[in-house]
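J.: Provided below: input-v2.cif, containing mmCIF, C-alpha atoms.
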```cif
data_entry
#
loop_
_atom_site.label_atom_id
_atom_site.label_comp_id
_atom_site.auth_asym_id
_atom_site.auth_seq_id
_atom_site.Cartn_x
_atom_site.Cartn_y
_atom_site.Cartn_z
CA MET G 209 31.00 144.11 81.13
CA PRO G 210 27.41 145.41 80.92
CA GLY G 211 28.69 148.56 82.62
CA TRP G 212 31.23 149.26 79.88
CA GLN G 213 28.58 148.50 77.25
CA ALA G 214 26.24 151.04 78.89
CA LEU G 215 28.99 153.68 78.87
CA ARG G 216 29.75 152.90 75.24
CA GLU G 217 26.09 153.37 74.28
CA GLU G 218 26.00 156.69 76.08
CA LEU G 219 29.17 158.11 74.53
CA HIS G 220 29.51 156.39 71.15
CA THR G 221 28.00 159.21 69.09
CA GLY G 222 30.61 161.53 70.59
CA GLY G 223 33.42 159.58 68.92
CA PHE G 224 34.03 157.01 71.65
CA GLU G 225 34.47 153.26 71.37
CA VAL G 226 35.15 150.40 73.76
CA VAL G 227 37.31 147.43 72.81
CA ASP G 228 37.36 144.57 75.25
CA VAL G 229 40.20 142.09 75.27
CA CYS G 230 39.74 138.74 76.99
CA LEU G 231 42.97 137.26 78.38
CA GLU G 232 42.35 133.52 78.25
CA MET G 233 44.70 130.87 76.91
CA ALA G 234 41.84 128.38 76.43
CA GLY G 235 40.42 130.47 73.59
CA PRO G 236 37.38 132.48 72.53
CA GLU G 237 34.65 130.01 73.48
CA VAL G 238 35.33 130.68 77.16
CA ALA G 239 34.85 134.40 76.58
CA ARG G 240 31.81 134.18 74.33
CA PRO G 241 29.07 133.58 76.97
CA PHE G 242 30.18 136.67 78.91
CA VAL G 243 30.26 138.84 75.79
CA GLU G 244 26.85 137.59 74.67
CA ALA G 245 25.36 138.13 78.13
CA ALA G 246 26.55 141.74 78.04
CA ALA G 247 25.05 142.14 74.54
CA SER G 248 28.24 143.95 73.55
CA THR G 249 28.06 145.98 70.35
CA HIS G 250 31.74 146.96 70.44
CA PRO G 251 34.73 144.85 69.30
CA SER G 252 35.52 141.89 71.57
CA LEU G 253 39.00 140.44 71.13
CA ILE G 254 40.74 137.34 72.42
CA ASP G 255 44.31 137.33 73.73
CA GLN G 256 45.37 133.68 74.08
CA THR G 257 49.02 134.40 74.94
CA HIS G 258 48.74 137.24 77.48
CA TYR G 259 50.20 139.57 74.85
CA MET G 260 48.58 142.44 76.77
CA ASP G 261 50.90 141.74 79.71
CA ALA G 262 54.08 141.70 77.64
CA ARG G 263 53.16 144.55 75.30
CA PHE G 264 51.40 147.00 77.63
CA GLY G 265 52.15 145.90 81.18
CA VAL G 266 48.71 144.57 82.09
CA THR G 267 49.14 142.62 85.36
CA ASN G 268 45.60 142.16 86.63
CA ILE G 269 42.04 142.31 85.46
CA PRO G 270 40.12 144.42 84.85
CA GLN G 271 42.58 147.03 83.61
CA VAL G 272 41.86 149.84 81.20
CA ILE G 273 43.95 151.76 78.64
CA TRP G 274 42.93 155.07 77.10
CA ILE G 275 43.92 155.43 73.42
CA ASP G 276 43.27 158.63 71.50
CA GLU G 277 42.18 159.31 67.92
CA ASN G 278 45.75 158.81 66.63
CA SER G 279 46.26 155.41 68.30
CA THR G 280 48.40 157.05 71.01
CA ILE G 281 48.02 155.96 74.62
CA VAL G 282 46.99 158.85 76.88
CA ARG G 283 46.61 156.75 80.05
CA PRO G 284 48.51 153.46 80.48
CA PRO G 285 46.91 150.32 81.97
CA GLU G 286 45.26 150.95 85.32
CA PRO G 287 42.68 149.13 87.41
CA ALA G 288 39.20 150.38 86.61
CA SER G 289 35.66 149.11 86.68
CA PRO G 290 32.41 150.58 85.35
CA ILE G 291 29.28 151.51 87.26
CA PRO G 292 27.44 148.21 87.77
CA VAL G 293 24.25 147.58 85.85
CA GLY G 294 21.43 145.82 87.70
CA GLU G 295 20.68 145.16 91.35
CA ALA G 296 22.64 141.90 91.60
CA ALA G 297 25.78 143.48 90.15
CA LEU G 298 25.42 146.47 92.47
CA GLN G 299 25.15 144.22 95.52
CA MET G 300 28.25 142.29 94.42
CA VAL G 301 30.24 145.51 94.03
CA GLN G 302 29.11 146.80 97.43
CA LEU G 303 30.34 143.55 98.96
CA VAL G 304 33.91 144.03 97.74
CA GLY G 305 34.26 147.81 97.68
CA ARG G 306 32.75 151.22 97.20
CA THR G 307 30.89 152.40 94.11
CA GLU G 308 32.12 156.00 94.47
CA GLU G 309 35.48 155.17 92.92
CA ARG G 310 33.74 153.72 89.90
CA GLU G 311 31.57 156.79 89.53
CA ARG G 312 34.64 159.01 89.70
CA TYR G 313 36.40 156.96 87.03
CA VAL G 314 33.45 157.08 84.65
CA ALA G 315 33.32 160.86 85.16
CA MET G 316 37.00 161.00 84.16
CA VAL G 317 36.28 159.09 80.95
CA LYS G 318 33.41 161.44 80.13
CA ASP G 319 35.65 164.45 80.73
CA TRP G 320 38.20 163.01 78.26
CA VAL G 321 35.56 162.29 75.62
CA GLU G 322 34.28 165.86 75.94
CA LYS G 323 37.59 167.75 76.16
CA GLY G 324 40.09 165.47 74.42
CA PRO G 325 43.71 166.51 75.03
CA ASP G 326 42.50 169.39 77.23
CA SER G 327 41.16 166.92 79.77
CA ARG G 328 43.29 167.04 82.89
CA TYR G 329 43.10 163.27 83.06
CA THR G 330 45.23 162.69 79.96
CA TRP G 331 49.01 162.57 79.95
CA SER G 332 51.75 163.36 77.45
CA PRO G 333 53.51 160.44 75.70
CA GLU G 334 56.50 160.87 78.03
CA GLU G 335 54.27 160.78 81.12
CA VAL G 336 52.43 157.74 79.76
CA VAL G 337 55.71 155.83 79.39
CA ALA G 338 56.93 156.96 82.81
CA ARG G 339 53.64 156.00 84.49
CA SER G 340 53.41 152.58 82.86
CA GLU G 341 54.12 149.47 84.90
CA ALA G 342 57.69 148.97 86.10
CA ARG G 343 59.55 146.40 84.05
CA SER G 344 62.69 144.74 85.32
CA PRO G 345 64.78 141.93 83.86
CA ALA G 346 62.86 139.66 86.26
CA THR G 347 59.47 140.64 84.83
CA SER G 348 60.77 140.15 81.28
CA LYS G 349 61.93 136.70 82.33
CA ALA G 350 58.56 136.03 83.96
CA ALA G 351 56.85 136.83 80.65
CA ALA G 352 59.18 134.44 78.79
CA HIS G 353 58.48 131.65 81.29
CA PHE G 354 54.75 132.31 81.11
CA GLU G 355 54.76 132.17 77.32
CA LEU G 356 56.58 128.84 77.43
CA ALA G 357 54.17 127.59 80.11
CA GLN G 358 51.17 128.42 77.93
CA HIS G 359 52.80 126.83 74.89
CA LEU G 360 53.53 123.62 76.82
CA TRP G 361 50.04 123.60 78.35
CA ARG G 362 48.57 123.59 74.84
CA GLN G 363 50.83 120.70 73.84
CA GLU G 364 50.91 118.62 77.03
CA GLY G 365 48.43 120.00 79.54
CA PHE G 366 49.79 120.47 83.07
CA SER G 367 52.96 118.44 82.49
CA PRO G 368 55.75 118.79 85.09
CA ARG G 369 57.73 121.10 82.81
CA ALA G 370 54.66 123.25 82.07
CA ILE G 371 54.09 123.64 85.81
CA THR G 372 57.79 124.47 86.30
CA HIS G 373 57.43 127.39 83.87
CA PHE G 374 54.13 128.57 85.41
CA ASN G 375 55.76 128.58 88.85
CA ALA G 376 58.87 130.36 87.56
CA ALA G 377 56.66 133.15 86.19
CA HIS G 378 54.71 133.32 89.45
CA LYS G 379 57.88 133.59 91.53
CA LEU G 380 59.58 136.16 89.29
CA GLN G 381 56.55 138.47 89.14
CA PRO G 382 54.38 137.58 92.14
CA ASP G 383 52.10 140.61 91.72
CA ASN G 384 51.11 139.61 88.18
CA ILE G 385 47.68 138.28 89.06
CA THR G 386 46.75 137.29 85.49
CA TYR G 387 49.65 134.82 85.35
CA LYS G 388 48.41 133.23 88.54
CA ARG G 389 44.68 133.15 88.08
CA GLN G 390 45.04 131.89 84.52
CA ALA G 391 47.02 128.91 85.79
CA TYR G 392 44.77 128.26 88.81
CA SER G 393 41.56 128.41 86.78
CA ALA G 394 42.89 126.21 83.97
CA LEU G 395 43.96 123.63 86.57
CA ALA G 396 40.50 123.64 88.16
CA VAL G 397 38.85 123.10 84.78
CA SER G 398 41.39 120.43 83.87
CA ARG G 399 40.75 118.54 87.11
CA SER G 400 37.02 118.59 86.47
CA GLY G 401 37.60 116.74 83.21
CA GLY G 402 38.19 119.78 81.01
CA ASP G 403 34.72 121.12 81.46
CA ASP G 404 33.09 123.87 83.48
CA PRO G 405 29.42 122.94 83.38
CA ASP G 406 28.26 125.23 86.19
CA GLY G 407 30.46 128.18 85.19
CA TRP G 408 32.02 128.22 88.67
CA THR G 409 34.61 125.46 88.41
CA ARG G 410 37.18 127.94 87.04
CA PHE G 411 36.89 129.98 90.22
CA ARG G 412 38.00 127.11 92.48
CA GLN G 413 41.49 128.57 92.71
CA THR G 414 42.49 127.41 96.17
CA PRO G 415 43.31 123.79 97.04
CA GLN G 416 40.60 121.77 98.73
CA GLU G 417 41.57 119.87 101.85
CA GLY G 418 44.03 117.11 100.94
CA GLU G 419 44.32 118.25 97.34
CA ASN G 420 47.76 118.14 95.73
CA TRP G 421 48.35 121.73 94.60
CA PRO G 422 51.28 122.22 92.21
CA PHE G 423 51.62 126.00 92.33
CA VAL G 424 53.68 128.13 94.71
CA SER G 425 50.65 130.16 95.73
CA ASP G 426 46.86 130.13 95.41
CA PHE G 427 43.98 132.59 95.29
CA ASN G 428 43.48 132.90 99.05
CA LYS G 429 47.18 133.40 99.73
CA ASP G 430 47.41 136.01 96.97
CA MET G 431 44.41 137.89 98.39
CA VAL G 432 45.90 137.91 101.89
CA ARG G 433 49.23 139.15 100.51
CA PHE G 434 48.06 141.73 97.99
CA GLN G 435 44.60 142.78 99.22
CA PRO G 436 44.74 142.18 102.99
CA GLU G 437 41.82 144.48 103.84
CA LEU G 438 39.48 142.82 101.39
CA ALA G 439 40.72 139.37 102.46
CA ALA G 440 39.88 140.28 106.07
CA ARG G 441 36.44 141.56 105.10
CA LEU G 442 35.75 138.33 103.22
CA LYS G 443 37.14 136.35 106.22
CA LEU G 444 39.54 134.35 104.04
CA PRO G 445 41.76 131.82 105.85
CA GLY G 446 44.99 133.44 106.98
CA ALA G 447 43.59 136.98 106.78
CA GLY G 448 43.73 139.35 109.74
CA SER G 449 40.58 140.67 111.34
CA SER G 450 38.73 143.50 109.57
CA MET D 116 58.05 135.31 71.30
CA ILE D 117 58.68 131.54 71.05
CA VAL D 118 61.12 130.21 68.47
CA ASP D 119 62.44 126.75 67.66
CA ARG D 120 65.58 128.05 65.95
CA LEU D 121 67.82 131.05 66.43
CA ASP D 122 68.40 131.96 62.78
CA ASN D 123 65.04 133.70 62.41
CA GLY D 124 64.85 136.76 60.25
CA ALA D 125 64.14 140.39 61.06
CA GLU D 126 60.62 140.15 59.67
CA GLU D 127 59.57 137.41 62.08
CA PHE D 128 61.17 139.33 64.92
CA GLN D 129 59.21 142.46 64.03
CA GLN D 130 55.95 140.55 63.73
CA ALA D 131 56.37 139.01 67.18
CA THR D 132 57.89 141.93 69.09
CA GLY D 133 56.99 145.11 67.20
CA TRP D 134 60.70 145.97 66.80
CA GLU D 135 61.68 146.75 63.22
CA ILE D 136 65.30 146.34 62.16
CA LYS D 137 66.37 149.42 60.17
CA LEU D 138 69.65 151.08 59.24
CA GLU D 139 69.38 153.13 62.46
CA GLY D 140 69.01 149.98 64.57
CA ALA D 141 66.03 148.29 66.22
CA CYS D 142 63.07 150.70 66.09
CA LYS D 143 59.60 150.82 67.61
CA ALA D 144 57.56 153.95 66.78
CA ASP D 145 59.86 156.91 67.52
CA VAL D 146 62.41 154.93 69.55
CA CYS D 147 65.51 153.47 67.86
CA VAL D 148 68.25 151.47 69.57
CA PRO D 149 71.56 151.28 67.64
CA LEU D 150 72.80 147.77 66.91
CA ALA D 151 76.22 146.37 66.16
CA ASP D 152 77.03 146.00 62.46
CA GLY D 153 76.53 142.61 60.90
CA ASP D 154 73.82 140.09 60.09
CA PHE D 155 70.62 139.74 62.09
CA ASP D 156 71.51 138.03 65.36
CA LEU D 157 68.46 137.22 67.47
CA LEU D 158 70.21 136.69 70.79
CA ALA D 159 72.45 139.74 70.41
CA ILE D 160 69.45 141.96 69.63
CA ALA D 161 67.50 140.47 72.54
CA GLU D 162 70.38 141.31 74.86
CA ARG D 163 70.64 144.84 73.43
CA LEU D 164 66.93 145.43 74.08
CA GLY D 165 67.04 143.86 77.53
CA MET D 166 64.80 140.95 76.56
CA ALA D 167 65.10 137.91 78.81
CA VAL D 168 65.68 134.59 77.04
CA VAL D 169 64.43 131.34 78.55
CA SER D 170 65.12 128.00 76.91
CA GLU D 171 63.50 124.60 77.04
CA PRO D 172 66.46 122.55 75.81
CA ASP D 173 64.71 119.16 75.61
CA LEU D 174 62.25 120.58 73.10
CA GLY D 175 64.61 122.98 71.36
CA LEU D 176 62.50 126.02 72.23
CA TRP D 177 63.42 129.53 73.30
CA ALA D 178 61.10 132.23 74.63
CA LEU D 179 61.97 135.91 74.54
CA GLY D 180 60.46 138.25 77.10
CA PRO D 181 59.58 141.87 76.35
CA GLU D 182 62.17 144.65 76.27
CA THR D 183 63.20 146.34 79.50
CA LEU D 184 64.54 149.61 78.09
CA GLY D 185 63.96 152.45 80.52
CA GLY D 186 62.58 150.09 83.14
CA ARG D 187 58.95 150.64 82.14
CA ALA D 188 56.48 148.35 80.38
CA LEU D 189 55.90 150.95 77.67
CA THR D 190 58.78 152.07 75.49
CA THR D 191 56.51 154.39 73.53
CA ALA D 192 52.96 155.71 73.85
CA ASP D 193 52.27 154.66 70.26
CA ALA D 194 49.77 151.77 70.34
CA SER D 195 49.30 151.46 66.58
CA ASP D 196 50.72 147.92 66.58
CA LEU D 197 47.86 146.60 68.76
CA ARG D 198 46.42 143.78 66.69
CA LEU D 199 44.48 140.76 67.98
CA PRO D 200 41.75 138.44 66.66
CA ASP D 201 38.12 138.93 67.59
CA LEU D 202 36.09 136.04 68.99
CA ASP D 203 35.35 134.80 65.46
CA GLY D 204 39.03 134.81 64.50
CA GLU D 205 38.87 137.97 62.38
CA ASP D 206 41.95 140.15 62.62
CA PHE D 207 41.33 143.45 64.44
CA HIS D 208 43.76 146.36 64.26
CA ILE D 209 43.44 149.33 66.61
CA THR D 210 44.17 151.71 63.73
CA SER D 211 40.77 150.79 62.27
CA LEU D 212 39.32 153.03 65.01
CA ARG D 213 41.46 156.08 64.19
CA GLY D 214 39.41 159.21 64.71
CA GLN D 215 37.71 157.81 67.82
CA LYS D 216 38.74 157.73 71.45
CA VAL D 217 39.09 154.12 72.53
CA LEU D 218 38.84 152.53 75.94
CA VAL D 219 40.63 149.18 75.81
CA VAL D 220 39.33 146.98 78.61
CA ALA D 221 41.46 143.96 79.55
CA TRP D 222 39.34 141.35 81.32
CA ALA D 223 39.34 137.61 81.89
CA PRO D 224 36.78 134.94 82.78
CA TYR D 225 38.94 133.82 85.70
#
```
In structure tokens, how does this file's structure come out?
T.:
Amino acid sequence: MPGWQALREELHTGGFEVVDVCLEMAGPEVARPFVEAAASTHPSLIDQTHYMDARFGVTNIPQVIWIDENSTIVRPPEPASPIPVGEAALQMVQLVGRTEERERYVAMVKDWVEKGPDSRYTWSPEEVVARSEARSPATSKAAAHFELAQHLWRQEGFSPRAITHFNAAHKLQPDNITYKRQAYSALAVSRSGGDDPDGWTRFRQTPQEGENWPFVSDFNKDMVRFQPELAARLKLPGAGSS
Amino acid sequence: MIVDRLDNGAEEFQQATGWEIKLEGACKADVCVPLADGDFDLLAIAERLGMAVVSEPDLGLWALGPETLGGRALTTADASDLRLPDLDGEDFHITSLRGQKVLVVAWAPY
């Protein structure tokens, strides 16, 4: 987040704004420490129902959407991260990937801010629709199950029927990582008594030895399936060798 | 969209899904899908728009998934219906930033 804030400060006078949207069913207080740590001066929104998934096709985080001066999308949701700010953040990024891709992406944003519709990185409305995430009847059904799961979680916590709907969403759209990590993290916090005092409890998204795990997958399995190279580099259980 | 009855009106449907019921049919931005004549029928419109319906019969709840027209997540490039609360609960509407280029960053603390 500090990286997006730095880009916003650099480009704001040129008619550029950042809006961050936190996808978290537990509500704004979970997001607030991150926003305050980044000293964000741009709007920070909370999406407690994963509306961004259903409305725009967001399936993972972070993902970025470019919206022009007329509220028209010129690039649909895509994975993107800013240039890290600070030595610790840089080291973390170098652990999981290269920084060159981030630098290229920020250069694309700057090109758009400078050239507007003449930027070669923007697309027509027809291209934007065509390049947006694929949506099948199964993914629509996954969204419906996930909305019910969140609703039931608010009413009953991780009741058997809430878990049934979480798992149905996970099975119907296995590459929707937000549906999965939201459920895993909320379970971790719930099992710690509803609190996350060290800020790391929510990242315990893989069952500990002997732990009863109610979901069809977990963080390590998802990494091995969807990011096998990174899983190998991080030496996750079940990953191949890097 | 979660409902506890199926006789909801067009206004509630529009608020939850962005689809407005007009004479031409169900419309979002510049896209209109013709509908059969007659009163507002939630399940028939959901089927017409390719929205999945999942029920939780014990609780009398139904959830509608998003439309699947065209097989893409976006039906239109128009994002003017993007409206969410900020961290203090104040309503934010993307149109309040008209005239600026906006980078919307979806993130999560998980």
J.: Near chain G, which residues of chain D fall within 6 Å when you count all atoms listed in the file, and what do they look like as a list in words?
T.: Ala167, Ala178, Leu179, Gly180, Pro181, Thr183, Gly186, Arg187, Ala188, Leu189, Ala192, Asp193, Ala194, Ser195, Pro200, Asp201, Leu202, Arg213, Gly214, Gln215, Lys216, Val217, Leu218, Val219, Val220, Ala221, Trp222 and Ala223 of chain D
J.: Could you tell me how far CA of Ala396 in chain G sits from CA of Ala439 in chain G, in Å to one decimal place?
T.: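 Computed distance, CA of Ala439 in chain G to CA of Ala396 in chain G, equals 21.3 Å.
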J.: Expanded to explicit residues, what is the PyMOL selection byres ((chain D and resi 125-128) around 12) for this file, as a ChimeraX atom specification?
T.: /D:116-118,120-124,129-137,140-143,154-158,160-161,179,181
J.: Starting from the displayed file, determine the output of the PyMOL selection byres ((chain G and resi 291) around 8) and express the residue list as a VMD selection string.
T.: chain G and resid 211 to 212 289 to 290 292 to 293 307 310 to 311 314
J.: Separation of CA of Ala214 in chain G and CA of Gly294 in chain G, in Å?
T.: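 Here the two named atoms are 11.3 Å from each other.
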J.: For CA of Asp403 in chain G and CA of Pro422 in chain G, quote the distance in Å rounded to one decimal.
T.: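 These atoms are spaced 19.8 Å apart.
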